[in-house]
$ cat coords.csv   # CSV, C-alpha atoms
chain,number,residue,atom,x,y,z
K,1,MET,CA,0.0,0.0,0.0
K,2,SER,CA,1.4,3.4,-1.0
K,3,LEU,CA,0.3,6.9,-1.6
K,4,VAL,CA,0.6,7.9,-5.3
K,5,PHE,CA,0.5,11.2,-7.0
K,6,PRO,CA,-0.6,12.2,-10.5
K,7,GLY,CA,1.8,11.0,-13.2
K,8,GLN,CA,3.4,8.4,-11.0
K,9,PRO,CA,3.9,5.0,-12.8
K,10,LEU,CA,1.8,2.1,-11.5
K,11,SER,CA,2.2,-1.6,-11.8
K,12,SER,CA,1.6,-3.0,-15.3
K,13,ALA,CA,-1.0,-5.4,-13.8
K,14,VAL,CA,-3.1,-2.4,-12.6
K,15,GLU,CA,-6.8,-2.7,-13.2
K,16,LYS,CA,-8.2,0.2,-15.3
K,17,SER,CA,-10.3,2.5,-13.1
K,18,ASP,CA,-11.0,6.1,-12.3
K,19,GLY,CA,-7.7,7.8,-11.7
K,20,VAL,CA,-5.6,5.6,-14.0
K,21,TYR,CA,-4.5,6.3,-17.5
K,22,VAL,CA,-2.1,4.8,-19.9
K,23,ASP,CA,0.6,7.1,-21.4
K,24,SER,CA,1.9,7.0,-24.9
K,25,ASN,CA,4.5,4.4,-24.0
K,26,GLY,CA,1.9,2.0,-22.6
K,27,VAL,CA,2.8,2.7,-18.9
K,28,PRO,CA,-0.2,2.9,-16.6
K,29,ARG,CA,0.0,6.1,-14.5
K,30,ALA,CA,-2.1,7.7,-11.7
K,31,SER,CA,-4.2,10.7,-12.7
K,32,LEU,CA,-5.4,11.4,-9.1
K,33,ILE,CA,-3.9,11.4,-5.7
K,34,GLY,CA,-4.8,8.1,-4.1
K,35,ILE,CA,-3.7,4.9,-2.4
K,36,PHE,CA,-2.3,2.1,-4.6
K,37,LYS,CA,-3.1,-1.3,-3.1
K,38,ASN,CA,-3.6,-4.8,-4.6
K,39,ASN,CA,-3.1,-3.5,-8.2
K,40,ASN,CA,-6.0,-1.0,-7.7
K,41,LEU,CA,-5.9,2.8,-7.2
K,42,HIS,CA,-8.3,3.7,-4.4
K,43,VAL,CA,-9.3,7.4,-4.3
K,44,PRO,CA,-10.5,7.9,-0.8
K,45,LYS,CA,-13.8,9.6,-0.3
K,46,LEU,CA,-12.8,10.8,3.1
K,47,ARG,CA,-13.0,14.5,3.7
K,48,ALA,CA,-9.7,15.8,5.1
K,49,ASN,CA,-9.7,18.0,8.0
K,50,ALA,CA,-8.1,21.4,7.8
K,51,PRO,CA,-4.4,21.2,9.0
K,52,THR,CA,-3.9,21.9,12.7
K,53,GLU,CA,-0.6,22.3,14.6
K,54,ASN,CA,1.4,19.1,14.3
K,55,SER,CA,-0.5,17.8,11.2
K,56,ILE,CA,1.7,16.1,8.7
K,57,VAL,CA,1.2,17.7,5.3
K,58,LEU,CA,2.4,17.1,1.7
K,59,GLY,CA,2.4,19.9,-0.8
K,60,THR,CA,3.8,21.3,-4.0
K,61,VAL,CA,6.0,24.4,-4.1
K,62,LEU,CA,4.1,27.1,-6.1
K,63,ARG,CA,6.1,30.3,-5.6
K,64,LEU,CA,9.4,31.4,-4.1
K,65,SER,CA,10.4,34.7,-2.7
K,66,SER,CA,13.6,35.7,-0.8
K,67,GLN,CA,12.0,35.0,2.5
K,68,GLN,CA,9.5,32.2,1.9
K,69,ALA,CA,8.1,29.4,-0.2
K,70,THR,CA,4.4,29.1,-0.9
K,71,LEU,CA,2.8,25.7,-1.1
K,72,ALA,CA,-0.4,24.1,-2.4
K,73,ILE,CA,-1.1,21.5,0.4
K,74,GLN,CA,-2.6,18.4,-1.2
K,75,VAL,CA,-2.5,15.8,1.6
K,76,VAL,CA,-3.3,16.4,5.3
K,77,ASP,CA,-2.6,13.6,7.8
K,78,ASN,CA,-2.4,11.0,5.0
K,79,VAL,CA,-5.9,12.0,3.6
K,80,PRO,CA,-5.7,13.4,0.0
K,81,LEU,CA,-7.7,16.5,-0.6
K,82,PRO,CA,-10.2,16.5,-3.5
K,83,TYR,CA,-8.8,17.9,-6.8
K,84,GLY,CA,-8.7,21.7,-6.8
K,85,GLU,CA,-9.4,22.0,-3.0
K,86,ASP,CA,-5.8,22.6,-1.9
K,87,TYR,CA,-4.9,24.6,1.2
K,88,THR,CA,-2.2,27.2,1.0
K,89,GLY,CA,0.9,26.9,3.2
K,90,VAL,CA,4.1,29.0,3.7
K,91,ILE,CA,7.6,27.9,4.6
K,92,ARG,CA,9.4,30.8,6.0
K,93,SER,CA,13.2,31.0,5.9
K,94,GLN,CA,13.4,30.7,9.7
K,95,ASP,CA,11.4,27.5,9.6
K,96,VAL,CA,13.9,25.7,7.4
K,97,ARG,CA,16.4,24.8,10.1
K,98,ALA,CA,17.1,25.5,13.7
K,99,THR,CA,20.6,27.0,13.4
K,100,GLU,CA,22.1,29.7,11.2
K,101,LYS,CA,18.6,31.0,10.3
K,102,ASP,CA,20.0,34.2,8.9
K,103,LYS,CA,22.1,32.4,6.2
K,104,ILE,CA,19.1,30.5,4.7
K,105,LYS,CA,18.4,31.3,1.0
K,106,ILE,CA,15.0,29.9,0.1
K,107,ALA,CA,16.0,29.5,-3.6
K,108,ASP,CA,18.9,27.2,-2.5
K,109,CYS,CA,16.5,25.0,-0.6
K,110,PHE,CA,13.4,24.7,-2.9
K,111,ARG,CA,12.5,24.9,-6.5
K,112,GLY,CA,9.0,25.4,-8.0
K,113,GLY,CA,7.3,22.1,-8.3
K,114,ASP,CA,9.1,20.4,-5.5
K,115,ILE,CA,7.0,18.1,-3.4
K,116,VAL,CA,7.5,18.8,0.3
K,117,ALA,CA,6.5,16.9,3.4
K,118,GLY,CA,6.3,18.7,6.7
K,119,GLU,CA,4.7,19.3,10.0
K,120,ALA,CA,2.4,22.3,10.5
K,121,CYS,CA,4.1,24.4,13.2
K,122,SER,CA,1.6,27.3,13.4
K,123,LEU,CA,-1.6,28.5,11.8

$ encode --input "coords.csv" --output "structure tokens"
Amino acid sequence: MSLVFPGQPLSSAVEKSDGVYVDSNGVPRASLIGIFKNNNLHVPKLRANAPTENSIVLGTVLRLSSQQATLAIQVVDNVPLPYGEDYTGVIRSQDVRATEKDKIKIADCFRGGDIVAGEACSL
């Protein structure tokens, strides 16, 4: 059982279902965020709660500035959000590491499109 993201290759024995497509090379790929288990892609119908402090989140970096990276949060506590209903998150330069915070350059730590896992430290 594993969490899969859109575009991620799946097993060649995968059963065709919602959230699965075959690319031009014949490789089955996920088209939705879901859980891949027993050669099936399960797209949970659970409704994710809004992130709270200490929630584990997964997101994609959208924008970078000199002081922060902006994320589209797509998974909260292992529950994928419905397509298009992302939360917005911010990683500030002082949140990247505990020491030498003044030497952090966000552009050296993240790039647009990076997938980031983290813990919500404040709201």

$ closest_atom_pairs --input "coords.csv" --of "segment 59-105 of chain K" --to "segment 28-42 of chain K" --cutoff "12 Å" --atoms "only C-alpha atoms" --output "JSON lines"
{"residue": "K:Gly59", "atom": "CA", "partner": "K:Ile33", "partner_atom": "CA", "distance": 11.7}
{"residue": "K:Gln74", "atom": "CA", "partner": "K:Ile33", "partner_atom": "CA", "distance": 8.4}
{"residue": "K:Val75", "atom": "CA", "partner": "K:Ile33", "partner_atom": "CA", "distance": 8.6}
{"residue": "K:Asn78", "atom": "CA", "partner": "K:Ile35", "partner_atom": "CA", "distance": 9.7}
{"residue": "K:Val79", "atom": "CA", "partner": "K:Gly34", "partner_atom": "CA", "distance": 8.7}
{"residue": "K:Pro80", "atom": "CA", "partner": "K:Ile33", "partner_atom": "CA", "distance": 6.3}
{"residue": "K:Leu81", "atom": "CA", "partner": "K:Ile33", "partner_atom": "CA", "distance": 8.2}
{"residue": "K:Pro82", "atom": "CA", "partner": "K:Ile33", "partner_atom": "CA", "distance": 8.4}
{"residue": "K:Tyr83", "atom": "CA", "partner": "K:Leu32", "partner_atom": "CA", "distance": 7.7}
{"residue": "K:Gly84", "atom": "CA", "partner": "K:Leu32", "partner_atom": "CA", "distance": 11.1}
{"residue": "K:Asp86", "atom": "CA", "partner": "K:Ile33", "partner_atom": "CA", "distance": 12.0}

$ residues_around --input "coords.csv" --residues "Thr70 of chain K" --least-positions-apart "4" --cutoff "8 Å" --atoms "all atoms listed in the file" --output "mmCIF file with C-alpha atoms, in the coordinates of the input"
data_model
loop_
_atom_site.group_PDB
_atom_site.id
_atom_site.type_symbol
_atom_site.label_atom_id
_atom_site.label_comp_id
_atom_site.auth_asym_id
_atom_site.auth_seq_id
_atom_site.Cartn_x
_atom_site.Cartn_y
_atom_site.Cartn_z
ATOM 1 C CA VAL K 61 6.000 24.400 -4.100
ATOM 2 C CA LEU K 62 4.100 27.100 -6.100
ATOM 3 C CA ARG K 63 6.100 30.300 -5.600
ATOM 4 C CA LEU K 64 9.400 31.400 -4.100
ATOM 5 C CA THR K 88 -2.200 27.200 1.000
ATOM 6 C CA GLY K 89 0.900 26.900 3.200
ATOM 7 C CA VAL K 90 4.100 29.000 3.700
ATOM 8 C CA ILE K 91 7.600 27.900 4.600
#

$ closest_residue --input "coords.csv" --among "K:Ile106, K:Thr60, K:Val27, K:Glu100" --to "Val14 of chain K" --atoms "all atoms listed in the file"
K:Val27

$ atom_distance --input "coords.csv" --atom1 "atom CA of Ala50 of chain K" --atom2 "atom CA of Val96 of chain K"
22.4 Å

$ atom_distance --input "coords.csv" --atom1 "atom CA of Ala69 of chain K" --atom2 "atom CA of Arg92 of chain K"
6.5 Å

$ atom_distance --input "coords.csv" --atom1 "atom CA of Pro9 of chain K" --atom2 "atom CA of Gly113 of chain K"
18.0 Å

$ closest_residue --input "coords.csv" --among "K:Ser93, K:Thr52, K:Thr99, K:Gln68" --to "Leu123 of chain K" --atoms "all atoms listed in the file"
K:Thr52

$ closest_residue --input "coords.csv" --among "K:Leu58, K:Ala72, K:Ala98, K:Ile104" --to "Val116 of chain K" --atoms "only C-alpha atoms"
K:Leu58

$ closest_residue --input "coords.csv" --among "K:Cys121, K:Val22, K:Lys105, K:Asn49" --to "Glu85 of chain K" --atoms "all atoms listed in the file"
K:Asn49

$ closest_residue --input "coords.csv" --among "K:Ala120, K:Ile115, K:Val43, K:Ile56" --to "Asp18 of chain K" --atoms "only C-alpha atoms"
K:Val43

$ closest_residue --input "coords.csv" --among "K:Ser66, K:Val76, K:Asp23, K:Tyr87" --to "Asn54 of chain K" --atoms "all atoms listed in the file"
K:Val76
